[in-house]
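**Student:** Dropping in start.tsv, with TSV, C-alpha atoms.
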```tsv
chain	number	residue	atom	x	y	z
A	1	MET	CA	-6.47	59.64	-59.88
A	2	ASP	CA	-9.74	60.77	-58.33
A	3	TYR	CA	-10.78	57.75	-56.30
A	4	ARG	CA	-13.70	57.50	-53.84
A	5	LYS	CA	-14.74	54.67	-51.61
A	6	LEU	CA	-18.19	53.30	-50.86
A	7	ALA	CA	-18.30	50.95	-47.86
A	8	ILE	CA	-21.08	48.37	-47.80
A	9	ILE	CA	-21.53	46.85	-44.38
A	10	GLY	CA	-24.15	44.77	-42.67
A	11	GLU	CA	-25.09	41.54	-41.04
A	12	VAL	CA	-24.37	38.07	-42.37
A	13	GLY	CA	-26.53	37.34	-45.41
A	14	ALA	CA	-27.65	40.93	-45.91
A	15	GLY	CA	-26.46	40.95	-49.52
A	16	LYS	CA	-23.12	42.77	-49.45
A	17	THR	CA	-21.31	40.35	-51.74
A	18	THR	CA	-24.23	40.26	-54.18
A	19	LEU	CA	-24.48	44.04	-54.33
A	20	VAL	CA	-20.77	44.48	-55.03
A	21	SER	CA	-21.04	41.88	-57.80
A	22	THR	CA	-24.06	43.64	-59.29
A	23	LEU	CA	-22.43	47.05	-59.39
A	24	SER	CA	-18.82	46.22	-60.12
A	25	GLU	CA	-17.45	46.39	-63.64
A	26	ILE	CA	-14.60	44.08	-62.72
A	27	SER	CA	-14.94	40.58	-61.46
A	28	PRO	CA	-15.14	41.27	-57.76
A	29	ILE	CA	-12.48	39.85	-55.55
A	30	LYS	CA	-14.55	37.68	-53.27
A	31	THR	CA	-13.29	36.30	-50.02
A	32	GLU	CA	-16.07	33.99	-49.00
A	33	ALA	CA	-15.35	30.87	-46.95
A	34	LYS	CA	-17.39	28.00	-45.67
A	35	SER	CA	-18.73	28.99	-42.27
A	36	SER	CA	-17.70	26.83	-39.35
A	37	ILE	CA	-20.82	27.77	-37.35
A	38	ASP	CA	-24.50	27.90	-38.27
A	39	ILE	CA	-25.13	31.44	-39.52
A	40	GLY	CA	-27.98	30.55	-41.85
A	41	LYS	CA	-25.88	30.13	-44.98
A	42	GLN	CA	-22.99	27.97	-46.07
A	43	TYR	CA	-20.51	30.67	-47.10
A	44	THR	CA	-19.76	33.98	-45.48
A	45	THR	CA	-17.36	36.79	-46.29
A	46	VAL	CA	-14.15	36.66	-44.29
A	47	GLY	CA	-12.42	39.57	-46.00
A	48	ILE	CA	-13.36	42.51	-48.14
A	49	ASP	CA	-15.39	42.08	-51.31
A	50	TYR	CA	-13.78	44.55	-53.63
A	51	GLY	CA	-15.35	45.92	-56.77
A	52	ARG	CA	-14.86	49.04	-58.88
A	53	ILE	CA	-16.78	51.39	-61.11
A	54	SER	CA	-14.58	53.40	-63.48
A	55	LEU	CA	-16.13	56.76	-64.25
A	56	SER	CA	-13.31	57.73	-66.61
A	57	GLU	CA	-9.64	56.91	-67.12
A	58	ASP	CA	-8.66	58.76	-63.97
A	59	THR	CA	-11.84	58.66	-61.88
A	60	ALA	CA	-13.28	55.65	-60.09
A	61	LEU	CA	-15.52	54.56	-57.27
A	62	GLY	CA	-14.30	51.61	-55.21
A	63	LEU	CA	-16.83	49.28	-53.64
A	64	TYR	CA	-15.88	47.64	-50.37
A	65	GLY	CA	-18.16	44.97	-48.99
A	66	VAL	CA	-17.15	44.59	-45.39
A	67	PRO	CA	-18.23	41.81	-43.04
A	68	GLY	CA	-20.49	43.03	-40.29
A	69	GLN	CA	-19.23	40.73	-37.56
A	70	GLU	CA	-17.21	42.55	-34.94
A	71	ARG	CA	-14.40	40.04	-35.06
A	72	TYR	CA	-13.55	41.49	-38.47
A	73	SER	CA	-13.35	45.03	-37.17
A	74	PHE	CA	-9.69	45.18	-38.24
A	75	LEU	CA	-11.09	45.30	-41.79
A	76	TRP	CA	-13.37	48.18	-40.83
A	77	GLU	CA	-10.20	50.14	-39.99
A	78	ILE	CA	-8.86	49.61	-43.50
A	79	VAL	CA	-12.01	50.85	-45.18
A	80	ASN	CA	-12.98	53.69	-42.86
A	81	LYS	CA	-10.86	56.42	-44.38
A	82	ASN	CA	-12.10	59.18	-46.67
A	83	LEU	CA	-15.35	57.42	-47.37
A	84	TRP	CA	-17.63	58.75	-50.11
A	85	GLY	CA	-20.47	56.83	-48.56
A	86	LEU	CA	-21.50	54.23	-46.03
A	87	LEU	CA	-24.22	51.78	-47.01
A	88	ILE	CA	-25.63	49.62	-44.24
A	89	LEU	CA	-27.58	46.60	-45.42
A	90	ILE	CA	-30.22	45.02	-43.19
A	91	LYS	CA	-31.98	41.85	-44.21
A	92	PHE	CA	-35.76	41.90	-43.86
A	93	GLY	CA	-37.30	39.18	-41.72
A	94	ASP	CA	-35.16	38.73	-38.65
A	95	THR	CA	-34.98	41.33	-35.93
A	96	PRO	CA	-31.81	43.32	-36.69
A	97	ASP	CA	-28.88	42.68	-34.39
A	98	TYR	CA	-28.84	46.13	-32.82
A	99	ASP	CA	-25.78	45.39	-30.69
A	100	ASN	CA	-23.87	44.72	-33.88
A	101	LEU	CA	-25.39	47.64	-35.79
A	102	GLU	CA	-24.67	50.05	-32.98
A	103	ASN	CA	-21.08	48.85	-32.85
A	104	LEU	CA	-20.78	49.53	-36.57
A	105	LEU	CA	-22.31	52.98	-36.26
A	106	THR	CA	-20.14	53.85	-33.31
A	107	PHE	CA	-17.05	52.77	-35.22
A	108	PHE	CA	-17.85	54.39	-38.57
A	109	ALA	CA	-19.44	57.41	-36.84
A	110	PRO	CA	-21.05	58.82	-40.00
A	111	SER	CA	-22.51	61.76	-38.12
A	112	ASP	CA	-19.20	62.95	-36.63
A	113	LYS	CA	-17.26	62.31	-39.82
A	114	GLN	CA	-19.97	63.75	-42.04
A	115	THR	CA	-20.05	60.56	-44.07
A	116	THR	CA	-23.20	60.15	-46.11
A	117	CYS	CA	-25.06	57.13	-44.83
A	118	VAL	CA	-27.83	55.12	-46.49
A	119	ILE	CA	-29.70	52.14	-45.06
A	120	GLY	CA	-30.77	49.39	-47.44
A	121	ILE	CA	-33.37	46.83	-46.45
A	122	THR	CA	-32.76	43.74	-48.53
A	123	TYR	CA	-34.72	40.63	-49.48
A	124	CYS	CA	-38.04	42.28	-48.71
A	125	ASP	CA	-39.98	41.17	-51.79
A	126	THR	CA	-42.49	39.24	-49.64
A	127	ALA	CA	-43.08	42.13	-47.24
A	128	ASP	CA	-46.01	44.53	-47.53
A	129	ASP	CA	-45.85	48.30	-46.97
A	130	GLN	CA	-46.96	48.11	-43.34
A	131	GLU	CA	-44.37	45.47	-42.45
A	132	LEU	CA	-41.64	47.54	-44.08
A	133	ALA	CA	-42.89	50.65	-42.30
A	134	ALA	CA	-42.64	48.80	-38.98
A	135	LEU	CA	-39.04	47.80	-39.65
A	136	SER	CA	-38.21	51.31	-40.87
A	137	LEU	CA	-39.62	52.70	-37.64
A	138	GLU	CA	-37.26	50.51	-35.60
A	139	ILE	CA	-34.27	51.43	-37.72
A	140	GLN	CA	-35.13	55.12	-37.79
A	141	MET	CA	-35.16	55.27	-34.00
A	142	MET	CA	-31.75	53.60	-33.92
A	143	LEU	CA	-30.43	56.16	-36.42
A	144	GLN	CA	-31.82	59.04	-34.39
A	145	SER	CA	-30.13	57.72	-31.27
A	146	HIS	CA	-26.84	58.05	-33.19
A	147	HIS	CA	-27.83	61.43	-34.69
A	148	ILE	CA	-27.72	59.99	-38.19
A	149	VAL	CA	-29.97	61.41	-40.89
A	150	ALA	CA	-30.18	58.73	-43.54
A	151	PRO	CA	-32.70	57.43	-46.05
A	152	ILE	CA	-33.99	53.88	-45.68
A	153	LEU	CA	-34.39	52.17	-49.05
A	154	ASN	CA	-35.65	48.79	-50.14
A	155	ILE	CA	-32.93	47.17	-52.21
A	156	ASP	CA	-32.71	44.06	-54.31
A	157	PRO	CA	-28.91	43.54	-54.29
A	158	GLY	CA	-29.01	41.31	-57.36
A	159	ASN	CA	-30.99	43.76	-59.48
A	160	ARG	CA	-28.95	46.29	-61.43
A	161	ASP	CA	-31.61	49.05	-61.43
A	162	SER	CA	-32.20	48.64	-57.72
A	163	ALA	CA	-28.46	48.68	-57.00
A	164	MET	CA	-28.03	51.77	-59.17
A	165	SER	CA	-30.77	53.55	-57.21
A	166	VAL	CA	-28.45	53.39	-54.20
A	167	LEU	CA	-25.75	55.24	-56.11
A	168	HIS	CA	-28.33	57.80	-57.24
A	169	ILE	CA	-29.20	58.55	-53.62
A	170	PHE	CA	-25.56	58.84	-52.52
A	171	ASN	CA	-24.86	61.09	-55.47
A	172	ALA	CA	-27.88	63.29	-54.71
A	173	ILE	CA	-26.85	63.76	-51.08
A	174	ASN	CA	-23.15	64.25	-51.69
A	175	ASN	CA	-23.38	66.47	-54.72
A	176	GLN	CA	-24.85	69.51	-53.00
A	177	THR	CA	-23.72	73.03	-53.54
B	1	MET	CA	-67.64	43.84	-28.24
B	2	LYS	CA	-65.25	46.11	-26.37
B	3	CYS	CA	-62.21	48.25	-26.99
B	4	ILE	CA	-59.09	49.08	-25.02
B	5	THR	CA	-56.70	51.92	-25.81
B	6	TYR	CA	-53.46	51.95	-23.91
B	7	VAL	CA	-50.07	53.64	-23.91
B	8	SER	CA	-46.88	51.83	-22.98
B	9	LYS	CA	-43.22	52.76	-22.85
B	10	VAL	CA	-40.68	51.36	-25.29
B	11	VAL	CA	-38.07	49.43	-23.33
B	12	ALA	CA	-34.73	51.26	-23.43
B	13	ARG	CA	-31.63	49.30	-24.37
B	14	LYS	CA	-28.73	48.93	-21.99
B	15	ASN	CA	-27.00	51.92	-23.58
B	16	SER	CA	-30.23	53.86	-22.85
B	17	ALA	CA	-31.06	54.15	-26.56
B	18	VAL	CA	-34.82	53.92	-27.02
B	19	ILE	CA	-35.30	51.53	-29.92
B	20	PRO	CA	-38.44	49.41	-30.30
B	21	VAL	CA	-36.37	46.28	-30.84
B	22	GLY	CA	-38.37	43.53	-32.51
B	23	PHE	CA	-41.28	45.83	-33.30
B	24	ALA	CA	-41.49	44.74	-36.95
B	25	ASN	CA	-41.71	41.07	-36.04
B	26	MET	CA	-44.14	41.76	-33.21
B	27	PHE	CA	-46.30	43.77	-35.61
B	28	SER	CA	-46.30	41.06	-38.29
B	29	ALA	CA	-47.15	38.35	-35.76
B	30	ALA	CA	-49.88	40.49	-34.18
B	31	ARG	CA	-51.56	41.15	-37.51
B	32	LYS	CA	-51.72	37.45	-38.32
B	33	LYS	CA	-53.02	36.55	-34.87
B	34	ASN	CA	-55.50	39.42	-34.87
B	35	ALA	CA	-56.89	38.27	-38.20
B	36	GLU	CA	-57.58	34.84	-36.69
B	37	LEU	CA	-59.16	36.38	-33.59
B	38	GLN	CA	-61.05	39.10	-35.48
B	39	ILE	CA	-59.28	41.82	-33.56
B	40	THR	CA	-58.92	45.20	-35.24
B	41	GLY	CA	-57.15	48.37	-34.21
B	42	LEU	CA	-54.27	50.77	-34.56
B	43	ILE	CA	-50.72	51.16	-33.28
B	44	SER	CA	-48.30	54.05	-33.37
B	45	CYS	CA	-44.95	54.80	-31.79
B	46	ARG	CA	-43.69	58.27	-30.86
B	47	SER	CA	-41.15	59.72	-28.45
B	48	GLY	CA	-40.40	56.34	-26.92
B	49	TYR	CA	-44.04	55.36	-26.35
B	50	TYR	CA	-46.52	53.09	-28.10
B	51	ILE	CA	-50.22	53.76	-28.33
B	52	GLN	CA	-52.40	50.83	-29.29
B	53	HIS	CA	-56.13	50.49	-29.74
B	54	LEU	CA	-57.68	47.00	-29.70
B	55	GLU	CA	-61.28	46.16	-30.49
B	56	GLY	CA	-63.14	42.88	-30.76
B	57	ASP	CA	-64.89	40.22	-28.71
B	58	ASN	CA	-64.80	41.05	-24.96
B	59	ASN	CA	-63.02	37.91	-23.81
B	60	ILE	CA	-60.51	37.93	-26.64
B	61	VAL	CA	-59.60	41.60	-26.11
B	62	ASP	CA	-59.16	40.95	-22.37
B	63	GLN	CA	-56.95	37.91	-22.98
B	64	LEU	CA	-54.88	39.75	-25.54
B	65	PHE	CA	-54.41	42.77	-23.32
B	66	SER	CA	-53.44	40.54	-20.42
B	67	LYS	CA	-50.64	39.09	-22.58
B	68	ILE	CA	-49.51	42.56	-23.63
B	69	LYS	CA	-49.27	43.67	-19.99
B	70	SER	CA	-46.96	40.78	-19.20
B	71	ASP	CA	-44.87	41.21	-22.38
B	72	SER	CA	-41.35	42.37	-21.50
B	73	ARG	CA	-41.28	44.66	-24.55
B	74	HIS	CA	-43.88	46.93	-22.93
B	75	HIS	CA	-43.19	49.00	-19.82
B	76	GLN	CA	-45.59	51.08	-17.78
B	77	VAL	CA	-48.74	49.98	-19.56
B	78	THR	CA	-51.46	52.57	-18.88
B	79	VAL	CA	-55.06	52.12	-20.02
B	80	LEU	CA	-56.64	55.26	-21.44
B	81	PHE	CA	-59.99	53.91	-22.58
B	82	GLU	CA	-61.84	50.65	-21.99
B	83	PHE	CA	-65.50	50.38	-22.84
B	84	GLU	CA	-68.19	48.42	-24.65
B	85	ILE	CA	-68.65	49.22	-28.34
B	86	ALA	CA	-71.43	48.53	-30.81
B	87	GLN	CA	-69.22	48.94	-33.84
B	88	ARG	CA	-65.55	49.01	-34.67
B	89	SER	CA	-63.58	52.20	-35.33
B	90	PHE	CA	-60.94	50.40	-37.43
B	91	PRO	CA	-62.92	47.64	-39.14
B	92	GLU	CA	-60.53	47.40	-42.09
B	93	TRP	CA	-57.35	46.91	-40.09
B	94	ASN	CA	-56.15	43.94	-38.08
B	95	MET	CA	-53.56	46.40	-36.84
B	96	LYS	CA	-53.00	49.66	-38.63
B	97	LEU	CA	-49.54	51.14	-38.20
B	98	VAL	CA	-49.59	54.93	-38.44
B	99	ALA	CA	-46.58	57.23	-38.38
B	100	THR	CA	-48.49	60.02	-36.69
B	101	ALA	CA	-51.76	59.11	-34.98
B	102	ASN	CA	-52.63	62.80	-34.84
B	103	GLU	CA	-52.93	62.80	-38.63
B	104	ASP	CA	-54.91	59.59	-39.01
B	105	ALA	CA	-58.54	60.27	-39.92
B	106	SER	CA	-59.88	57.12	-38.22
B	107	PHE	CA	-58.01	57.86	-35.01
B	108	LEU	CA	-59.16	61.48	-34.98
B	109	LYS	CA	-62.74	60.37	-35.57
B	110	PHE	CA	-62.49	57.91	-32.67
B	111	MET	CA	-61.17	60.69	-30.46
B	112	ASP	CA	-63.92	63.09	-31.53
B	113	GLN	CA	-66.57	60.49	-30.79
B	114	ASN	CA	-65.10	59.93	-27.34
B	115	SER	CA	-64.25	63.49	-26.36
B	116	GLY	CA	-66.34	63.10	-23.21
B	117	LYS	CA	-64.14	60.23	-22.07
B	118	ILE	CA	-61.01	62.28	-22.70
B	119	SER	CA	-62.20	64.94	-20.28
B	120	SER	CA	-62.48	62.36	-17.52
B	121	LEU	CA	-58.89	61.13	-17.90
B	122	ASP	CA	-56.53	61.87	-15.01
B	123	ASN	CA	-53.40	64.00	-15.49
B	124	THR	CA	-51.07	61.07	-16.17
B	125	GLN	CA	-53.42	59.61	-18.75
B	126	ARG	CA	-53.82	63.01	-20.40
B	127	GLN	CA	-50.08	63.52	-20.62
B	128	LEU	CA	-49.66	60.10	-22.22
B	129	LEU	CA	-52.48	60.71	-24.67
B	130	GLY	CA	-50.93	64.12	-25.40
B	131	ILE	CA	-47.90	62.38	-26.88
B	132	PHE	CA	-50.11	61.22	-29.74
B	133	TYR	CA	-53.16	63.46	-29.82
B	134	GLY	CA	-53.97	67.14	-29.67
B	135	LEU	CA	-50.56	68.10	-30.99
B	136	LYS	CA	-49.78	71.35	-32.74
B	137	SER	CA	-52.28	71.82	-35.51
B	138	SER	CA	-51.03	71.59	-39.05
B	139	SER	CA	-54.13	73.10	-40.59
B	140	PRO	CA	-53.47	75.54	-43.45
B	141	ASN	CA	-54.43	78.59	-41.37
B	142	SER	CA	-51.78	77.92	-38.77
B	143	ARG	CA	-48.99	77.10	-41.19
B	144	ARG	CA	-45.89	79.14	-40.74
B	145	SER	CA	-43.82	80.98	-43.27
B	146	TYR	CA	-40.34	79.62	-43.90
B	147	GLU	CA	-39.05	82.95	-45.23
B	148	GLY	CA	-35.62	83.72	-43.79
B	149	LYS	CA	-35.37	80.33	-42.07
B	150	SER	CA	-32.81	77.55	-42.37
B	151	LEU	CA	-34.05	74.03	-42.77
B	152	MET	CA	-32.55	70.66	-42.08
B	153	LEU	CA	-33.92	67.15	-41.88
B	154	LEU	CA	-33.91	65.38	-38.53
B	155	ALA	CA	-34.68	62.10	-40.29
B	156	TRP	CA	-35.62	61.02	-43.78
B	157	PRO	CA	-39.33	60.38	-44.34
B	158	ASP	CA	-40.57	56.89	-45.05
B	159	LEU	CA	-40.20	57.07	-48.82
B	160	MET	CA	-42.98	54.54	-49.31
B	161	LEU	CA	-45.42	56.95	-47.70
B	162	LEU	CA	-44.30	59.75	-50.00
B	163	ARG	CA	-44.31	57.52	-53.08
B	164	GLN	CA	-40.63	58.21	-53.80
B	165	SER	CA	-41.29	61.41	-55.70
B	166	PRO	CA	-38.01	62.57	-57.31
B	167	THR	CA	-38.66	66.10	-56.04
B	168	VAL	CA	-39.04	64.88	-52.46
B	169	ILE	CA	-35.86	62.82	-52.72
B	170	LYS	CA	-33.96	65.78	-54.18
B	171	LEU	CA	-35.21	68.01	-51.38
B	172	CYS	CA	-34.33	65.45	-48.70
B	173	ALA	CA	-30.87	65.08	-50.18
B	174	GLN	CA	-30.42	68.85	-50.04
B	175	LEU	CA	-31.49	69.04	-46.41
B	176	THR	CA	-29.54	66.02	-45.13
B	177	ALA	CA	-26.01	67.22	-44.53
B	178	GLN	CA	-26.41	70.73	-43.18
B	179	PRO	CA	-28.96	73.48	-42.61
B	180	TYR	CA	-30.01	75.09	-45.87
B	181	PRO	CA	-31.72	78.47	-46.33
B	182	TYR	CA	-35.33	78.28	-47.43
B	183	ASN	CA	-34.88	81.30	-49.67
B	184	SER	CA	-32.09	79.53	-51.57
B	185	LEU	CA	-34.33	76.49	-52.05
B	186	LEU	CA	-37.01	78.73	-53.45
B	187	GLU	CA	-34.68	80.66	-55.72
B	188	SER	CA	-33.18	77.47	-57.17
B	189	ARG	CA	-36.65	76.51	-58.53
B	190	ARG	CA	-35.58	72.86	-58.26
B	191	PHE	CA	-38.51	72.04	-56.02
B	192	GLY	CA	-41.39	73.60	-57.89
B	193	THR	CA	-43.33	76.69	-56.98
B	194	GLN	CA	-43.34	78.20	-53.51
B	195	ARG	CA	-46.68	76.52	-52.85
B	196	GLN	CA	-45.38	73.11	-53.94
B	197	LEU	CA	-42.22	73.49	-51.87
B	198	ASP	CA	-44.14	74.65	-48.81
B	199	LYS	CA	-46.50	71.70	-49.14
B	200	ILE	CA	-43.61	69.22	-48.95
B	201	LEU	CA	-42.00	71.09	-46.06
B	202	GLN	CA	-45.30	71.17	-44.18
B	203	LYS	CA	-45.60	67.42	-44.66
B	204	PHE	CA	-42.10	67.04	-43.21
B	205	GLU	CA	-43.14	69.17	-40.24
B	206	THR	CA	-46.22	67.04	-39.71
B	207	LEU	CA	-43.95	63.99	-39.64
B	208	GLU	CA	-41.72	65.84	-37.14
B	209	ILE	CA	-38.62	65.37	-39.26
B	210	LEU	CA	-37.86	69.00	-40.13
B	211	SER	CA	-35.74	71.38	-38.09
B	212	VAL	CA	-36.59	75.03	-38.75
B	213	THR	CA	-34.21	77.60	-37.33
B	214	ASP	CA	-33.38	81.24	-37.89
B	215	SER	CA	-31.27	81.59	-40.99
B	216	LEU	CA	-27.53	81.26	-40.67
B	217	LYS	CA	-25.39	84.35	-41.11
B	218	GLN	CA	-23.66	82.56	-43.93
B	219	ASN	CA	-26.49	82.29	-46.40
B	220	ILE	CA	-24.75	80.14	-48.98
B	221	PRO	CA	-24.06	76.61	-47.76
B	222	VAL	CA	-20.48	75.42	-47.94
B	223	ASN	CA	-19.59	72.61	-50.33
B	224	ARG	CA	-19.13	69.29	-48.57
B	225	VAL	CA	-15.56	68.29	-47.87
B	226	GLY	CA	-14.07	66.25	-50.70
B	227	SER	CA	-16.71	67.04	-53.27
B	228	SER	CA	-15.39	67.94	-56.69
B	229	THR	CA	-17.17	69.17	-59.72
B	230	ARG	CA	-15.22	66.81	-61.97
B	231	PHE	CA	-16.09	63.69	-60.01
B	232	TYR	CA	-19.78	64.53	-59.90
B	233	SER	CA	-19.82	65.48	-63.53
B	234	LYS	CA	-18.56	61.98	-64.39
B	235	MET	CA	-20.86	60.38	-61.88
B	236	LYS	CA	-23.79	62.16	-63.50
B	237	THR	CA	-22.82	60.72	-66.86
B	238	PHE	CA	-22.46	57.25	-65.37
B	239	LEU	CA	-25.87	57.46	-63.73
B	240	GLY	CA	-27.46	58.63	-66.97
B	241	LEU	CA	-28.49	61.95	-65.50
B	242	ARG	CA	-27.50	63.76	-68.69
```
Using structure tokens, write down the structure from this file.
**Tutor:**
Amino acid sequence: MDYRKLAIIGEVGAGKTTLVSTLSEISPIKTEAKSSIDIGKQYTTVGIDYGRISLSEDTALGLYGVPGQERYSFLWEIVNKNLWGLLILIKFGDTPDYDNLENLLTFFAPSDKQTTCVIGITYCDTADDQELAALSLEIQMMLQSHHIVAPILNIDPGNRDSAMSVLHIFNAINNQT
Amino acid sequence: MKCITYVSKVVARKNSAVIPVGFANMFSAARKKNAELQITGLISCRSGYYIQHLEGDNNIVDQLFSKIKSDSRHHQVTVLFEFEIAQRSFPEWNMKLVATANEDASFLKFMDQNSGKISSLDNTQRQLLGIFYGLKSSSPNSRRSYEGKSLMLLAWPDLMLLRQSPTVIKLCAQLTAQPYPYNSLLESRRFGTQRQLDKILQKFETLEILSVTDSLKQNIPVNRVGSSTRFYSKMKTFLGLR
């Protein structure tokens, strides 16, 4: 079995669960629970959202939506092995939690491990080009401080074409000869 | 009316990473406020510094700048220019964000019109202005040849600025993981003619996101660990690429 893993990580409400649902061919195993604190939404993921894309009988891509909160870092351990790609989702609107993002980047270390990394800005349909450019500028400087060369894409996690564009980018970067 | 152009330092985080935290929200809020106050101007960020140009009613510009000076997100605020104006240099923009001020026609025009004022700047002011202006020329005559060089991206370009051209994305993907010989890019013909390829690479250089080094001894890049022809063949089918 040729099996690759795509980890999808990010802050609460960034769209990880939705993206896994959009891309997965199987009914994703969701592990959402009612949040006990105010995090801006009623349910949050407390485990891994697992989905799968079968490319043939013996080839598949696993999708692992991983909670971004550091208290779930034990789940990061499970996912962070032989990754095909690391997708970091950042929700447009609020200032990104850079402490959290830097923890994630330090842990997953895509530069050291040569893991292809893509940044997805989600829920940005009300933003104009200049606002998105401003957020990209912030994020790009964070990436550079971690020596990560990664594209920053606008993603609608619930839209199939948009979600597929993420796979296109990972494929284009990884499939180099 | 008056204008003020200043440079300030991006506040470093506790781990010393220089990230303009909250810049996007600050920018959005500033544009809305500036529209109400009829303030226009430009902002850019490079090498851990901001440059901002404000223009509008004298009192409003002064009040606004006073707030900026006391804003904890700006350090070492240094005024480069402050003078009365008869007309605006950025009339269309409540705050124009530019990736590279040195490539912005309106900014260059403003600088040309005020070249006399530049010559009277002190050394510190000149060094700060030099972060954004008077950089290495990217005019066609001074463009370098990439023959025999290896290329790698330092960062991906803002794809919105480059209109997400498939060729640009393919080229970025090729130059993301490891240095790649220019000659191999050219020979592959995947990125158009030499002129078309050079044009994209020159744009990358202008954006300061391209590393150009002497070619590696090993001229053929090594396949990435874990890649397999079979997997990517199936992935291509899944993605509808054939």
**Student:** Dump as a PyMOL selection string the residues of chain A that approach chain B to within 8 Å, counting only C-alpha atoms.
**Tutor:** chain A and resi 2+55-56+59+93-96+98+114+116+129-136+138-142+144-145+148-153+164+167-169+171-177
**Student:** Selection from above, C-alpha atoms, as a PDB file, in the frame of the given file, can you write it?
**Tutor:**
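Result written to selection30.pdb:
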```
ATOM      1  CA  ASP A   2      -9.740  60.770 -58.330  1.00  0.00           C
ATOM      2  CA  LEU A  55     -16.130  56.760 -64.250  1.00  0.00           C
ATOM      3  CA  SER A  56     -13.310  57.730 -66.610  1.00  0.00           C
ATOM      4  CA  THR A  59     -11.840  58.660 -61.880  1.00  0.00           C
ATOM      5  CA  GLY A  93     -37.300  39.180 -41.720  1.00  0.00           C
ATOM      6  CA  ASP A  94     -35.160  38.730 -38.650  1.00  0.00           C
ATOM      7  CA  THR A  95     -34.980  41.330 -35.930  1.00  0.00           C
ATOM      8  CA  PRO A  96     -31.810  43.320 -36.690  1.00  0.00           C
ATOM      9  CA  TYR A  98     -28.840  46.130 -32.820  1.00  0.00           C
ATOM     10  CA  GLN A 114     -19.970  63.750 -42.040  1.00  0.00           C
ATOM     11  CA  THR A 116     -23.200  60.150 -46.110  1.00  0.00           C
ATOM     12  CA  ASP A 129     -45.850  48.300 -46.970  1.00  0.00           C
ATOM     13  CA  GLN A 130     -46.960  48.110 -43.340  1.00  0.00           C
ATOM     14  CA  GLU A 131     -44.370  45.470 -42.450  1.00  0.00           C
ATOM     15  CA  LEU A 132     -41.640  47.540 -44.080  1.00  0.00           C
ATOM     16  CA  ALA A 133     -42.890  50.650 -42.300  1.00  0.00           C
ATOM     17  CA  ALA A 134     -42.640  48.800 -38.980  1.00  0.00           C
ATOM     18  CA  LEU A 135     -39.040  47.800 -39.650  1.00  0.00           C
ATOM     19  CA  SER A 136     -38.210  51.310 -40.870  1.00  0.00           C
ATOM     20  CA  GLU A 138     -37.260  50.510 -35.600  1.00  0.00           C
ATOM     21  CA  ILE A 139     -34.270  51.430 -37.720  1.00  0.00           C
ATOM     22  CA  GLN A 140     -35.130  55.120 -37.790  1.00  0.00           C
ATOM     23  CA  MET A 141     -35.160  55.270 -34.000  1.00  0.00           C
ATOM     24  CA  MET A 142     -31.750  53.600 -33.920  1.00  0.00           C
ATOM     25  CA  GLN A 144     -31.820  59.040 -34.390  1.00  0.00           C
ATOM     26  CA  SER A 145     -30.130  57.720 -31.270  1.00  0.00           C
ATOM     27  CA  ILE A 148     -27.720  59.990 -38.190  1.00  0.00           C
ATOM     28  CA  VAL A 149     -29.970  61.410 -40.890  1.00  0.00           C
ATOM     29  CA  ALA A 150     -30.180  58.730 -43.540  1.00  0.00           C
ATOM     30  CA  PRO A 151     -32.700  57.430 -46.050  1.00  0.00           C
ATOM     31  CA  ILE A 152     -33.990  53.880 -45.680  1.00  0.00           C
ATOM     32  CA  LEU A 153     -34.390  52.170 -49.050  1.00  0.00           C
ATOM     33  CA  MET A 164     -28.030  51.770 -59.170  1.00  0.00           C
ATOM     34  CA  LEU A 167     -25.750  55.240 -56.110  1.00  0.00           C
ATOM     35  CA  HIS A 168     -28.330  57.800 -57.240  1.00  0.00           C
ATOM     36  CA  ILE A 169     -29.200  58.550 -53.620  1.00  0.00           C
ATOM     37  CA  ASN A 171     -24.860  61.090 -55.470  1.00  0.00           C
ATOM     38  CA  ALA A 172     -27.880  63.290 -54.710  1.00  0.00           C
ATOM     39  CA  ILE A 173     -26.850  63.760 -51.080  1.00  0.00           C
ATOM     40  CA  ASN A 174     -23.150  64.250 -51.690  1.00  0.00           C
ATOM     41  CA  ASN A 175     -23.380  66.470 -54.720  1.00  0.00           C
ATOM     42  CA  GLN A 176     -24.850  69.510 -53.000  1.00  0.00           C
ATOM     43  CA  THR A 177     -23.720  73.030 -53.540  1.00  0.00           C
TER      44      THR A 177
END
```
**Student:** Could you jot down the CA of Val7 in chain B to CA of Met111 in chain B separation for me, Å, one decimal place?
**Tutor:**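 If I compute the distance from CA of Val7 in chain B to CA of Met111 in chain B, I get 14.7 Å.
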**Student:** Of the residues A:Ala7, A:Ile121, A:Leu104, A:Leu23, which is the one nearest to Lys81 in chain A, using all atoms listed in the file?
**Tutor:** A:Ala7
**Student:** Mind giving me the straight-line distance from CA of Phe110 in chain B to CA of Ala35 in chain B in Å, one decimal?
**Tutor:** 21.2 Å
**Student:** Could you list, as a list in words, every residue within 12 Å of Leu128 in chain B, counting only C-alpha atoms and ignoring same-chain residues fewer than 6 positions away?
**Tutor:**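 The residues that qualify are Thr5, Tyr6, Val7, Ser8, Lys9, Cys45, Arg46, Ser47, Gly48, Tyr49, Tyr50, Ile51, Gln52, Gln76, Val77, Thr78, Val79, Leu80, Ile118, Leu121, Asp122, Gly134 and Leu135 of chain B.
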